[in-house]
Each structure stands twice: as structure tokens, then as C-alpha cells.
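J.: Here you go, this is my_file_25.cif (mmCIF, N, CA and C atoms).
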data_query
#
loop_
_atom_site.label_atom_id
_atom_site.label_comp_id
_atom_site.auth_asym_id
_atom_site.auth_seq_id
_atom_site.Cartn_x
_atom_site.Cartn_y
_atom_site.Cartn_z
N MET A 15 -2.51 49.48 -23.75
CA MET A 15 -1.26 49.64 -23.03
C MET A 15 -0.49 50.80 -23.66
N SER A 16 0.04 51.67 -22.84
CA SER A 16 0.81 52.81 -23.34
C SER A 16 2.15 52.32 -23.89
N ALA A 17 2.78 53.16 -24.68
CA ALA A 17 4.10 52.83 -25.21
C ALA A 17 5.09 52.64 -24.06
N ALA A 18 4.97 53.47 -23.03
CA ALA A 18 5.87 53.36 -21.88
C ALA A 18 5.71 52.01 -21.19
N ASP A 19 4.46 51.59 -20.99
CA ASP A 19 4.21 50.31 -20.34
C ASP A 19 4.70 49.14 -21.19
N GLU A 20 4.45 49.20 -22.49
CA GLU A 20 4.87 48.12 -23.37
C GLU A 20 6.40 48.07 -23.48
N LEU A 21 7.03 49.23 -23.58
CA LEU A 21 8.48 49.28 -23.63
C LEU A 21 9.07 48.74 -22.33
N LYS A 22 8.48 49.12 -21.21
CA LYS A 22 8.94 48.64 -19.90
C LYS A 22 8.83 47.12 -19.82
N ALA A 23 7.75 46.56 -20.32
CA ALA A 23 7.56 45.10 -20.30
C ALA A 23 8.64 44.40 -21.12
N ARG A 24 8.98 44.96 -22.27
CA ARG A 24 10.01 44.36 -23.12
C ARG A 24 11.40 44.52 -22.49
N VAL A 25 11.66 45.65 -21.90
CA VAL A 25 12.93 45.87 -21.21
C VAL A 25 13.05 44.86 -20.07
N ASP A 26 11.99 44.68 -19.30
CA ASP A 26 12.00 43.71 -18.21
C ASP A 26 12.27 42.30 -18.72
N THR A 27 11.69 41.94 -19.86
CA THR A 27 11.91 40.62 -20.44
C THR A 27 13.38 40.42 -20.80
N VAL A 28 13.99 41.41 -21.40
CA VAL A 28 15.41 41.32 -21.75
C VAL A 28 16.25 41.17 -20.49
N GLU A 29 15.97 41.97 -19.48
CA GLU A 29 16.74 41.91 -18.23
C GLU A 29 16.55 40.56 -17.53
N GLU A 30 15.32 40.07 -17.45
CA GLU A 30 15.05 38.78 -16.81
C GLU A 30 15.72 37.64 -17.58
N SER A 31 15.68 37.72 -18.90
CA SER A 31 16.32 36.68 -19.71
C SER A 31 17.81 36.65 -19.45
N TYR A 32 18.43 37.81 -19.41
CA TYR A 32 19.87 37.86 -19.15
C TYR A 32 20.19 37.27 -17.78
N GLU A 33 19.39 37.57 -16.79
CA GLU A 33 19.61 36.99 -15.46
C GLU A 33 19.55 35.47 -15.52
N PHE A 34 18.59 34.93 -16.29
CA PHE A 34 18.51 33.48 -16.44
C PHE A 34 19.73 32.96 -17.19
N PHE A 35 20.16 33.68 -18.23
CA PHE A 35 21.35 33.27 -18.98
C PHE A 35 22.55 33.14 -18.05
N LEU A 36 22.71 34.09 -17.13
CA LEU A 36 23.82 34.03 -16.18
C LEU A 36 23.73 32.77 -15.31
N ALA A 37 22.54 32.48 -14.82
CA ALA A 37 22.34 31.30 -13.98
C ALA A 37 22.59 30.02 -14.77
N TYR A 38 22.12 29.97 -16.00
CA TYR A 38 22.30 28.78 -16.84
C TYR A 38 23.80 28.57 -17.13
N ALA A 39 24.50 29.65 -17.42
CA ALA A 39 25.93 29.55 -17.71
C ALA A 39 26.69 28.97 -16.52
N ALA A 40 26.23 29.28 -15.32
CA ALA A 40 26.90 28.81 -14.11
C ALA A 40 26.61 27.34 -13.78
N GLN A 41 25.65 26.73 -14.46
CA GLN A 41 25.26 25.36 -14.15
C GLN A 41 26.23 24.31 -14.68
N GLY A 42 27.03 24.66 -15.65
CA GLY A 42 27.98 23.69 -16.19
C GLY A 42 27.34 22.63 -17.06
N VAL A 43 26.26 22.94 -17.72
CA VAL A 43 25.56 21.99 -18.60
C VAL A 43 26.38 21.81 -19.87
N SER A 44 26.65 20.54 -20.22
CA SER A 44 27.41 20.29 -21.44
C SER A 44 26.97 18.97 -22.09
N GLY A 45 27.43 18.77 -23.33
CA GLY A 45 27.20 17.51 -24.03
C GLY A 45 25.77 17.03 -24.03
N GLU A 46 25.59 15.78 -23.59
CA GLU A 46 24.27 15.16 -23.59
C GLU A 46 23.29 15.88 -22.66
N GLN A 47 23.81 16.40 -21.55
CA GLN A 47 22.96 17.18 -20.64
C GLN A 47 22.32 18.34 -21.38
N ALA A 48 23.11 19.01 -22.21
CA ALA A 48 22.61 20.18 -22.94
C ALA A 48 21.49 19.77 -23.88
N THR A 49 21.61 18.61 -24.51
CA THR A 49 20.56 18.13 -25.42
C THR A 49 19.27 17.89 -24.66
N LYS A 50 19.37 17.38 -23.44
CA LYS A 50 18.19 17.04 -22.65
C LYS A 50 17.60 18.22 -21.89
N SER A 51 18.40 19.22 -21.59
CA SER A 51 17.93 20.27 -20.68
C SER A 51 17.80 21.64 -21.34
N THR A 52 17.55 21.68 -22.62
CA THR A 52 17.52 22.98 -23.30
C THR A 52 16.15 23.63 -23.31
N GLY A 53 15.12 23.01 -22.78
CA GLY A 53 13.78 23.58 -22.81
C GLY A 53 13.67 24.95 -22.17
N GLN A 54 14.16 25.08 -20.95
CA GLN A 54 14.00 26.34 -20.24
C GLN A 54 14.89 27.43 -20.84
N ILE A 55 16.11 27.10 -21.22
CA ILE A 55 16.98 28.12 -21.83
C ILE A 55 16.39 28.55 -23.16
N ARG A 56 15.83 27.63 -23.92
CA ARG A 56 15.20 27.99 -25.19
C ARG A 56 14.00 28.92 -24.98
N GLU A 57 13.26 28.70 -23.92
CA GLU A 57 12.12 29.56 -23.63
C GLU A 57 12.59 31.00 -23.34
N PHE A 58 13.64 31.15 -22.56
CA PHE A 58 14.15 32.49 -22.27
C PHE A 58 14.77 33.13 -23.51
N LEU A 59 15.45 32.34 -24.32
CA LEU A 59 15.99 32.87 -25.58
C LEU A 59 14.84 33.32 -26.49
N ARG A 60 13.78 32.52 -26.55
CA ARG A 60 12.63 32.87 -27.38
C ARG A 60 11.95 34.14 -26.88
N ARG A 61 11.79 34.26 -25.57
CA ARG A 61 11.19 35.47 -25.01
C ARG A 61 12.03 36.70 -25.35
N CYS A 62 13.34 36.54 -25.23
CA CYS A 62 14.23 37.65 -25.56
C CYS A 62 14.15 37.96 -27.06
N GLU A 63 14.12 36.93 -27.88
CA GLU A 63 14.00 37.12 -29.33
C GLU A 63 12.72 37.87 -29.69
N THR A 64 11.67 37.63 -28.97
CA THR A 64 10.40 38.30 -29.22
C THR A 64 10.41 39.74 -28.73
N ALA A 65 11.08 40.00 -27.62
CA ALA A 65 11.08 41.34 -27.01
C ALA A 65 11.98 42.33 -27.75
N VAL A 66 13.09 41.86 -28.27
CA VAL A 66 14.13 42.76 -28.79
C VAL A 66 13.74 43.53 -30.06
N PRO A 67 13.14 42.90 -31.07
CA PRO A 67 12.94 43.62 -32.34
C PRO A 67 12.11 44.89 -32.26
N GLU A 68 11.20 44.99 -31.34
CA GLU A 68 10.30 46.14 -31.26
C GLU A 68 10.79 47.26 -30.35
N LEU A 69 11.94 47.08 -29.71
CA LEU A 69 12.41 48.09 -28.76
C LEU A 69 12.52 49.47 -29.38
N GLY A 70 13.13 49.57 -30.54
CA GLY A 70 13.32 50.87 -31.19
C GLY A 70 12.01 51.53 -31.55
N ASP A 71 11.10 50.77 -32.16
CA ASP A 71 9.81 51.32 -32.56
C ASP A 71 9.00 51.78 -31.36
N LEU A 72 9.05 51.01 -30.28
CA LEU A 72 8.31 51.41 -29.07
C LEU A 72 8.91 52.66 -28.43
N PHE A 73 10.22 52.78 -28.51
CA PHE A 73 10.85 53.97 -27.96
C PHE A 73 10.45 55.20 -28.78
N VAL A 74 10.38 55.07 -30.10
CA VAL A 74 9.91 56.18 -30.94
C VAL A 74 8.47 56.53 -30.57
N LYS A 75 7.64 55.52 -30.40
CA LYS A 75 6.24 55.75 -30.03
C LYS A 75 6.15 56.47 -28.69
N LEU A 76 6.99 56.07 -27.76
CA LEU A 76 7.03 56.72 -26.44
C LEU A 76 7.42 58.19 -26.58
N VAL A 77 8.44 58.47 -27.35
CA VAL A 77 8.90 59.85 -27.56
C VAL A 77 7.75 60.68 -28.13
N ASP A 78 7.01 60.10 -29.08
CA ASP A 78 5.88 60.81 -29.67
C ASP A 78 4.73 60.99 -28.68
N GLU A 79 4.37 59.93 -27.97
CA GLU A 79 3.25 59.99 -27.02
C GLU A 79 3.52 60.98 -25.89
N GLU A 80 4.73 60.98 -25.40
CA GLU A 80 5.07 61.82 -24.25
C GLU A 80 5.55 63.21 -24.65
N ASN A 81 5.72 63.42 -25.96
CA ASN A 81 6.19 64.71 -26.47
C ASN A 81 7.42 65.18 -25.68
N VAL A 82 8.40 64.28 -25.59
CA VAL A 82 9.58 64.55 -24.77
C VAL A 82 10.44 65.65 -25.36
N SER A 83 11.12 66.37 -24.50
CA SER A 83 12.08 67.36 -24.98
C SER A 83 13.34 66.61 -25.40
N GLY A 84 14.10 67.22 -26.27
CA GLY A 84 15.30 66.58 -26.77
C GLY A 84 15.00 65.46 -27.75
N ARG A 85 13.99 65.68 -28.57
CA ARG A 85 13.57 64.64 -29.53
C ARG A 85 14.72 64.17 -30.40
N GLU A 86 15.54 65.08 -30.91
CA GLU A 86 16.65 64.69 -31.79
C GLU A 86 17.63 63.77 -31.07
N GLN A 87 17.92 64.06 -29.81
CA GLN A 87 18.83 63.22 -29.05
C GLN A 87 18.23 61.84 -28.81
N HIS A 88 16.94 61.80 -28.54
CA HIS A 88 16.26 60.51 -28.35
C HIS A 88 16.32 59.70 -29.64
N LEU A 89 16.02 60.33 -30.76
CA LEU A 89 16.01 59.61 -32.03
C LEU A 89 17.41 59.12 -32.40
N ALA A 90 18.43 59.90 -32.09
CA ALA A 90 19.80 59.46 -32.35
C ALA A 90 20.13 58.22 -31.52
N PHE A 91 19.70 58.22 -30.25
CA PHE A 91 19.95 57.05 -29.41
C PHE A 91 19.15 55.85 -29.89
N ILE A 92 17.96 56.08 -30.37
CA ILE A 92 17.13 54.98 -30.87
C ILE A 92 17.82 54.26 -32.02
N GLU A 93 18.55 54.99 -32.85
CA GLU A 93 19.31 54.34 -33.92
C GLU A 93 20.41 53.45 -33.35
N VAL A 94 21.06 53.89 -32.29
CA VAL A 94 22.06 53.06 -31.61
C VAL A 94 21.38 51.81 -31.05
N LEU A 95 20.25 52.00 -30.39
CA LEU A 95 19.48 50.89 -29.84
C LEU A 95 19.13 49.88 -30.93
N ARG A 96 18.68 50.36 -32.06
CA ARG A 96 18.32 49.45 -33.16
C ARG A 96 19.52 48.63 -33.64
N ARG A 97 20.67 49.28 -33.77
CA ARG A 97 21.88 48.56 -34.21
C ARG A 97 22.28 47.51 -33.17
N ASP A 98 22.28 47.91 -31.91
CA ASP A 98 22.66 46.98 -30.85
C ASP A 98 21.66 45.81 -30.77
N ALA A 99 20.39 46.12 -30.91
CA ALA A 99 19.36 45.08 -30.86
C ALA A 99 19.52 44.11 -32.03
N SER A 100 19.81 44.63 -33.19
CA SER A 100 19.99 43.77 -34.37
C SER A 100 21.17 42.82 -34.19
N ALA A 101 22.29 43.34 -33.70
CA ALA A 101 23.47 42.50 -33.49
C ALA A 101 23.22 41.45 -32.41
N ALA A 102 22.61 41.85 -31.30
CA ALA A 102 22.32 40.90 -30.22
C ALA A 102 21.32 39.85 -30.68
N LEU A 103 20.34 40.26 -31.45
CA LEU A 103 19.33 39.33 -31.96
C LEU A 103 19.96 38.27 -32.86
N ALA A 104 20.91 38.66 -33.69
CA ALA A 104 21.60 37.70 -34.55
C ALA A 104 22.30 36.64 -33.71
N ALA A 105 22.95 37.06 -32.63
CA ALA A 105 23.64 36.11 -31.74
C ALA A 105 22.65 35.20 -31.01
N ILE A 106 21.57 35.77 -30.54
CA ILE A 106 20.53 34.98 -29.85
C ILE A 106 19.97 33.92 -30.79
N ARG A 107 19.67 34.32 -32.01
CA ARG A 107 19.13 33.37 -32.99
C ARG A 107 20.13 32.29 -33.36
N LEU A 108 21.41 32.64 -33.42
CA LEU A 108 22.43 31.64 -33.69
C LEU A 108 22.46 30.58 -32.60
N VAL A 109 22.41 31.02 -31.35
CA VAL A 109 22.39 30.07 -30.23
C VAL A 109 21.13 29.21 -30.30
N MET A 110 19.99 29.82 -30.59
CA MET A 110 18.74 29.07 -30.67
C MET A 110 18.76 28.02 -31.77
N ALA A 111 19.56 28.22 -32.81
CA ALA A 111 19.62 27.30 -33.94
C ALA A 111 20.41 26.03 -33.62
N GLN A 112 21.09 26.02 -32.49
CA GLN A 112 21.91 24.85 -32.14
C GLN A 112 21.04 23.74 -31.57
N SER A 113 21.41 22.50 -31.85
CA SER A 113 20.63 21.36 -31.35
C SER A 113 20.79 21.20 -29.85
N ALA A 114 21.94 21.57 -29.32
CA ALA A 114 22.18 21.52 -27.88
C ALA A 114 22.78 22.86 -27.46
N ILE A 115 22.33 23.37 -26.34
CA ILE A 115 22.81 24.66 -25.86
C ILE A 115 23.51 24.44 -24.52
N SER A 116 24.83 24.46 -24.56
CA SER A 116 25.62 24.23 -23.35
C SER A 116 25.74 25.51 -22.52
N SER A 117 26.14 25.32 -21.29
CA SER A 117 26.39 26.47 -20.42
C SER A 117 27.50 27.34 -20.99
N GLN A 118 28.52 26.71 -21.57
CA GLN A 118 29.63 27.47 -22.14
C GLN A 118 29.15 28.33 -23.30
N MET A 119 28.24 27.79 -24.11
CA MET A 119 27.71 28.56 -25.23
C MET A 119 26.96 29.79 -24.71
N VAL A 120 26.17 29.62 -23.69
CA VAL A 120 25.41 30.73 -23.11
C VAL A 120 26.36 31.71 -22.42
N ASP A 121 27.40 31.19 -21.79
CA ASP A 121 28.39 32.06 -21.18
C ASP A 121 29.06 32.93 -22.25
N ASN A 122 29.36 32.34 -23.40
CA ASN A 122 29.93 33.11 -24.50
C ASN A 122 28.95 34.15 -25.03
N LEU A 123 27.68 33.78 -25.11
CA LEU A 123 26.64 34.75 -25.51
C LEU A 123 26.60 35.91 -24.52
N ASN A 124 26.62 35.59 -23.23
CA ASN A 124 26.59 36.63 -22.20
C ASN A 124 27.78 37.58 -22.32
N ALA A 125 28.91 37.05 -22.73
CA ALA A 125 30.13 37.85 -22.79
C ALA A 125 30.22 38.70 -24.06
N MET A 126 29.37 38.42 -25.03
CA MET A 126 29.44 39.16 -26.29
C MET A 126 29.16 40.64 -26.09
N ILE A 127 29.99 41.44 -26.70
CA ILE A 127 29.83 42.89 -26.61
C ILE A 127 28.46 43.32 -27.15
N HIS A 128 27.94 42.58 -28.10
CA HIS A 128 26.64 42.93 -28.70
C HIS A 128 25.52 42.81 -27.67
N LEU A 129 25.53 41.72 -26.92
CA LEU A 129 24.49 41.55 -25.89
C LEU A 129 24.70 42.55 -24.76
N ARG A 130 25.94 42.77 -24.39
CA ARG A 130 26.22 43.73 -23.32
C ARG A 130 25.83 45.15 -23.73
N ALA A 131 26.05 45.49 -24.98
CA ALA A 131 25.64 46.81 -25.47
C ALA A 131 24.13 46.96 -25.37
N LEU A 132 23.40 45.92 -25.79
CA LEU A 132 21.94 45.97 -25.71
C LEU A 132 21.50 46.09 -24.25
N LEU A 133 22.12 45.33 -23.37
CA LEU A 133 21.76 45.42 -21.95
C LEU A 133 21.99 46.81 -21.40
N THR A 134 23.10 47.41 -21.75
CA THR A 134 23.37 48.77 -21.29
C THR A 134 22.32 49.73 -21.82
N ASP A 135 21.94 49.54 -23.08
CA ASP A 135 20.87 50.36 -23.67
C ASP A 135 19.58 50.22 -22.87
N VAL A 136 19.18 48.97 -22.58
CA VAL A 136 17.90 48.78 -21.89
C VAL A 136 17.99 49.24 -20.44
N PHE A 137 19.16 49.16 -19.82
CA PHE A 137 19.30 49.69 -18.46
C PHE A 137 19.07 51.20 -18.46
N LEU A 138 19.62 51.88 -19.46
CA LEU A 138 19.42 53.32 -19.59
C LEU A 138 17.94 53.63 -19.83
N ILE A 139 17.32 52.90 -20.73
CA ILE A 139 15.90 53.10 -21.02
C ILE A 139 15.06 52.84 -19.78
N ASP A 140 15.38 51.77 -19.08
CA ASP A 140 14.63 51.41 -17.86
C ASP A 140 14.67 52.56 -16.85
N GLU A 141 15.82 53.16 -16.70
CA GLU A 141 15.95 54.29 -15.76
C GLU A 141 15.12 55.48 -16.24
N MET A 142 15.10 55.71 -17.55
CA MET A 142 14.33 56.83 -18.11
C MET A 142 12.83 56.58 -17.99
N LEU A 143 12.42 55.32 -17.98
CA LEU A 143 11.00 54.99 -17.91
C LEU A 143 10.42 55.11 -16.51
N ARG A 144 11.24 55.07 -15.51
CA ARG A 144 10.75 55.07 -14.12
C ARG A 144 9.68 56.13 -13.85
N PRO A 145 9.89 57.38 -14.23
CA PRO A 145 8.85 58.37 -13.93
C PRO A 145 7.60 58.24 -14.84
N LEU A 146 7.71 57.48 -15.94
CA LEU A 146 6.60 57.40 -16.89
C LEU A 146 5.69 56.20 -16.69
N VAL A 147 6.20 55.19 -16.01
CA VAL A 147 5.46 53.94 -15.86
C VAL A 147 4.95 53.83 -14.43
N SER A 148 3.68 53.49 -14.31
CA SER A 148 3.10 53.32 -12.98
C SER A 148 3.63 52.03 -12.36
N HIS A 149 3.91 52.08 -11.10
CA HIS A 149 4.39 50.92 -10.35
C HIS A 149 3.38 50.63 -9.24
N PRO A 150 2.36 49.79 -9.51
CA PRO A 150 1.33 49.54 -8.51
C PRO A 150 1.89 49.05 -7.16
N ALA A 151 2.93 48.24 -7.20
CA ALA A 151 3.48 47.71 -5.94
C ALA A 151 4.08 48.84 -5.10
N ALA A 152 4.63 49.82 -5.76
CA ALA A 152 5.27 50.93 -5.05
C ALA A 152 4.27 51.86 -4.40
N THR A 153 3.05 51.89 -4.92
CA THR A 153 2.04 52.79 -4.37
C THR A 153 1.23 52.16 -3.25
N GLN A 154 1.39 50.85 -3.08
CA GLN A 154 0.63 50.18 -2.02
C GLN A 154 1.44 50.22 -0.73
N SER A 155 0.75 50.35 0.40
CA SER A 155 1.45 50.37 1.69
C SER A 155 1.14 49.14 2.48
#
Can I see the file as C-alpha cells?

T.:
Amino acid sequence: MSAADELKARVDTVEESYEFFLAYAAQGVSGEQATKSTGQIREFLRRCETAVPELGDLFVKLVDEENVSGREQHLAFIEVLRRDASAALAAIRLVMAQSAISSQMVDNLNAMIHLRALLTDVFLIDEMLRPLVSHPAATQS
């Protein structure tokens, strides 16, 4: 798998997880319900936890593989991405450490500037990846 494809897969995981977080926050799960219904939210948190740490390294690999112009600018942004990923990951892991995960807790996670910064980073990366990643569905008629 190319760096572009792997980075795209991780970006997609972060975006899909956030979409699930929004839906979970809207469910109003609290108290005992949260203790009983945390399986699916934990799975999305775990997927996000797995996808986030490698984003910076994969972006560096992509820059190297594609020999992109503006290498210095890309590397400067990658440092921002790493900081944002680290902060968001700390918050994700804190939520995962709780015995019960309520909708309000996930809503607060969604509202955190750290997670929003990471999302904005991955949205930018996702847009930059469009010309580099093959989209089989788009080529089929």
C-alpha cells in the first residue's frame, strides 16, 4: 500500500469516528445506559486511537514518495499535525479510560479544540490526497 493510500485510510478512519461520535453524543446516553452501551463507542474510539499516532509519519513518507514541491512547508505543517494529534489522542485515551462513556462525555470530546484542530488537519490532508489516491468507485460507470 502506498503512503497516500495508507494515509487516506487513516484520515477516513478519523473522519468516520468523528461522525459516529456526533451521533453517539446526540443519543442522550447517560448513567447505567452508558455502562451497558459503551461497546460501539469504545470500538470507534479504539479505531481512532489506532489511526491517529501514525498520521505525521505517513505524511512525511508521502512527501518523500511523491517528491512534492514545497517540502519545507509540508514538513512545517506535519509538526502542527503531530502536536494536534498528540493532544487529541490524550483526550481520546482519557475518555476510553472511563468505566462508562456518556453522550455528554463524547459531546465534550467533540467540542474540544484539540479534536477539532486534528479534524481540520485531516480535512486539509484529505483534500490534498484526492489527486494522489485512486478512487475505484469514481472510475466505474

J.: Going by the chain IDs and residue numbers used in this file, which residues fall under the PyMOL selection byres (((chain A and resi 63-70 and name CA) around 7) and name CA)? Write them as a short mmCIF file (atom, residue, chain, number, x, y, z; two decimals) with N, CA and C atoms, in the coordinates of the input.

T.:
data_model
loop_
_atom_site.label_atom_id
_atom_site.label_comp_id
_atom_site.auth_asym_id
_atom_site.auth_seq_id
_atom_site.Cartn_x
_atom_site.Cartn_y
_atom_site.Cartn_z
N LEU A 21 7.03 49.23 -23.58
CA LEU A 21 8.48 49.28 -23.63
C LEU A 21 9.07 48.74 -22.33
N ARG A 24 8.98 44.96 -22.27
CA ARG A 24 10.01 44.36 -23.12
C ARG A 24 11.40 44.52 -22.49
N THR A 27 11.69 41.94 -19.86
CA THR A 27 11.91 40.62 -20.44
C THR A 27 13.38 40.42 -20.80
N VAL A 28 13.99 41.41 -21.40
CA VAL A 28 15.41 41.32 -21.75
C VAL A 28 16.25 41.17 -20.49
N LEU A 59 15.45 32.34 -24.32
CA LEU A 59 15.99 32.87 -25.58
C LEU A 59 14.84 33.32 -26.49
N ARG A 60 13.78 32.52 -26.55
CA ARG A 60 12.63 32.87 -27.38
C ARG A 60 11.95 34.14 -26.88
N ARG A 61 11.79 34.26 -25.57
CA ARG A 61 11.19 35.47 -25.01
C ARG A 61 12.03 36.70 -25.35
N CYS A 62 13.34 36.54 -25.23
CA CYS A 62 14.23 37.65 -25.56
C CYS A 62 14.15 37.96 -27.06
N ASP A 71 11.10 50.77 -32.16
CA ASP A 71 9.81 51.32 -32.56
C ASP A 71 9.00 51.78 -31.36
N LEU A 72 9.05 51.01 -30.28
CA LEU A 72 8.31 51.41 -29.07
C LEU A 72 8.91 52.66 -28.43
N PHE A 73 10.22 52.78 -28.51
CA PHE A 73 10.85 53.97 -27.96
C PHE A 73 10.45 55.20 -28.78
N VAL A 74 10.38 55.07 -30.10
CA VAL A 74 9.91 56.18 -30.94
C VAL A 74 8.47 56.53 -30.57
N ILE A 92 17.96 56.08 -30.37
CA ILE A 92 17.13 54.98 -30.87
C ILE A 92 17.82 54.26 -32.02
N LEU A 95 20.25 52.00 -30.39
CA LEU A 95 19.48 50.89 -29.84
C LEU A 95 19.13 49.88 -30.93
N ARG A 96 18.68 50.36 -32.06
CA ARG A 96 18.32 49.45 -33.16
C ARG A 96 19.52 48.63 -33.64
N ALA A 99 20.39 46.12 -30.91
CA ALA A 99 19.36 45.08 -30.86
C ALA A 99 19.52 44.11 -32.03
N LEU A 103 20.34 40.26 -31.45
CA LEU A 103 19.33 39.33 -31.96
C LEU A 103 19.96 38.27 -32.86
N ILE A 106 21.57 35.77 -30.54
CA ILE A 106 20.53 34.98 -29.85
C ILE A 106 19.97 33.92 -30.79
#

J.: Quick one, how far is CA of Met126 (chain A) from CA of Ala101 (chain A)?

T.: 9.9 Å

J.: Just how far from CA of Met119 (chain A) is CA of Ala39 (chain A), in Å to one decimal?

T.: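 About the pair CA of Ala39 (chain A) and CA of Met119 (chain A): they are 7.8 Å apart.
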
J.: For a cut-off of 12 Å around (17.7, 51.8, -20.4), file coordinates, pick out all residues using only C-alpha atoms and list them as a list in words.

T.: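 Output of the proximity query reads Leu21, Lys22, Arg24, Val25, Asp26, Val28, Glu29, Leu69, Gly70, Phe73, His88, Phe91, Ile92, Leu95, Ala131, Leu132, Leu133, Thr134, Asp135, Val136, Phe137, Leu138, Ile139, Asp140, Glu141, Met142, Leu143 and Arg144 of chain A.
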
J.: May I have the residues from that selection written out with N, CA and C atoms, as a compact mmCIF listing (two decimals), keeping the file's coordinate frame?

T.:
# COMPACT_ATOMS: atom_id res chain seq x y z
N LEU A 21 7.03 49.23 -23.58
CA LEU A 21 8.48 49.28 -23.63
C LEU A 21 9.07 48.74 -22.33
N LYS A 22 8.48 49.12 -21.21
CA LYS A 22 8.94 48.64 -19.90
C LYS A 22 8.83 47.12 -19.82
N ARG A 24 8.98 44.96 -22.27
CA ARG A 24 10.01 44.36 -23.12
C ARG A 24 11.40 44.52 -22.49
N VAL A 25 11.66 45.65 -21.90
CA VAL A 25 12.93 45.87 -21.21
C VAL A 25 13.05 44.86 -20.07
N ASP A 26 11.99 44.68 -19.30
CA ASP A 26 12.00 43.71 -18.21
C ASP A 26 12.27 42.30 -18.72
N VAL A 28 13.99 41.41 -21.40
CA VAL A 28 15.41 41.32 -21.75
C VAL A 28 16.25 41.17 -20.49
N GLU A 29 15.97 41.97 -19.48
CA GLU A 29 16.74 41.91 -18.23
C GLU A 29 16.55 40.56 -17.53
N LEU A 69 11.94 47.08 -29.71
CA LEU A 69 12.41 48.09 -28.76
C LEU A 69 12.52 49.47 -29.38
N GLY A 70 13.13 49.57 -30.54
CA GLY A 70 13.32 50.87 -31.19
C GLY A 70 12.01 51.53 -31.55
N PHE A 73 10.22 52.78 -28.51
CA PHE A 73 10.85 53.97 -27.96
C PHE A 73 10.45 55.20 -28.78
N HIS A 88 16.94 61.80 -28.54
CA HIS A 88 16.26 60.51 -28.35
C HIS A 88 16.32 59.70 -29.64
N PHE A 91 19.70 58.22 -30.25
CA PHE A 91 19.95 57.05 -29.41
C PHE A 91 19.15 55.85 -29.89
N ILE A 92 17.96 56.08 -30.37
CA ILE A 92 17.13 54.98 -30.87
C ILE A 92 17.82 54.26 -32.02
N LEU A 95 20.25 52.00 -30.39
CA LEU A 95 19.48 50.89 -29.84
C LEU A 95 19.13 49.88 -30.93
N ALA A 131 26.05 45.49 -24.98
CA ALA A 131 25.64 46.81 -25.47
C ALA A 131 24.13 46.96 -25.37
N LEU A 132 23.40 45.92 -25.79
CA LEU A 132 21.94 45.97 -25.71
C LEU A 132 21.50 46.09 -24.25
N LEU A 133 22.12 45.33 -23.37
CA LEU A 133 21.76 45.42 -21.95
C LEU A 133 21.99 46.81 -21.40
N THR A 134 23.10 47.41 -21.75
CA THR A 134 23.37 48.77 -21.29
C THR A 134 22.32 49.73 -21.82
N ASP A 135 21.94 49.54 -23.08
CA ASP A 135 20.87 50.36 -23.67
C ASP A 135 19.58 50.22 -22.87
N VAL A 136 19.18 48.97 -22.58
CA VAL A 136 17.90 48.78 -21.89
C VAL A 136 17.99 49.24 -20.44
N PHE A 137 19.16 49.16 -19.82
CA PHE A 137 19.30 49.69 -18.46
C PHE A 137 19.07 51.20 -18.46
N LEU A 138 19.62 51.88 -19.46
CA LEU A 138 19.42 53.32 -19.59
C LEU A 138 17.94 53.63 -19.83
N ILE A 139 17.32 52.90 -20.73
CA ILE A 139 15.90 53.10 -21.02
C ILE A 139 15.06 52.84 -19.78
N ASP A 140 15.38 51.77 -19.08
CA ASP A 140 14.63 51.41 -17.86
C ASP A 140 14.67 52.56 -16.85
N GLU A 141 15.82 53.16 -16.70
CA GLU A 141 15.95 54.29 -15.76
C GLU A 141 15.12 55.48 -16.24
N MET A 142 15.10 55.71 -17.55
CA MET A 142 14.33 56.83 -18.11
C MET A 142 12.83 56.58 -17.99
N LEU A 143 12.42 55.32 -17.98
CA LEU A 143 11.00 54.99 -17.91
C LEU A 143 10.42 55.11 -16.51
N ARG A 144 11.24 55.07 -15.51
CA ARG A 144 10.75 55.07 -14.12
C ARG A 144 9.68 56.13 -13.85

J.: Please enumerate the residues selected by the PyMOL selection byres (((chain A and resi 52 and name CA) around 12) and name CA) when evaluated against the supplied file, formatted as a ChimeraX atom specification.

T.: /A:35,38,43-51,53-60,109-117,119-120

J.: Going by DSSP on the backbone, which residues of chain A come out as alpha helix (DSSP H)? List them as a PyMOL selection string.

T.: chain A and resi 17-40+45-50+53-65+69-80+85-110+117-125+127-143+150-153

J.: For a test of reading the model, state the distance in Å between CA of Leu123 (chain A) and CA of Ala102 (chain A), rounded to one decimal.

T.: 8.9 Å

J.: Excluding Ala18 (chain A) and its own-chain neighbours fewer than 6 positions away, which residues fall within 6 Å of it when counting all atoms listed in the file? Please give them as an MDAnalysis selection string.

T.: chainID A and resid 76 146:147

J.: When you count only C-alpha atoms, which of these residues is closest to Leu129 (chain A): A:Ser31, A:Asp19, A:Leu89, A:Glu79?

T.: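 Between A:Ser31, A:Asp19, A:Leu89, A:Glu79, the residue approaching Leu129 (chain A) most closely is A:Ser31.
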
J.: So which one's closest to Asp98 (chain A), A:Val77, A:Asp121, A:Ile127, A:Arg85? Using all atoms listed in the file, please.

T.: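 Among the listed residues, A:Ile127 lies closest to Asp98 (chain A).
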
J.: Which residue gives the smallest distance to Ser100 (chain A) among A:Met15, A:His128, A:Gly84, A:Ala23, with only N, CA and C atoms counted?

T.: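 Among the listed residues, A:His128 lies closest to Ser100 (chain A).
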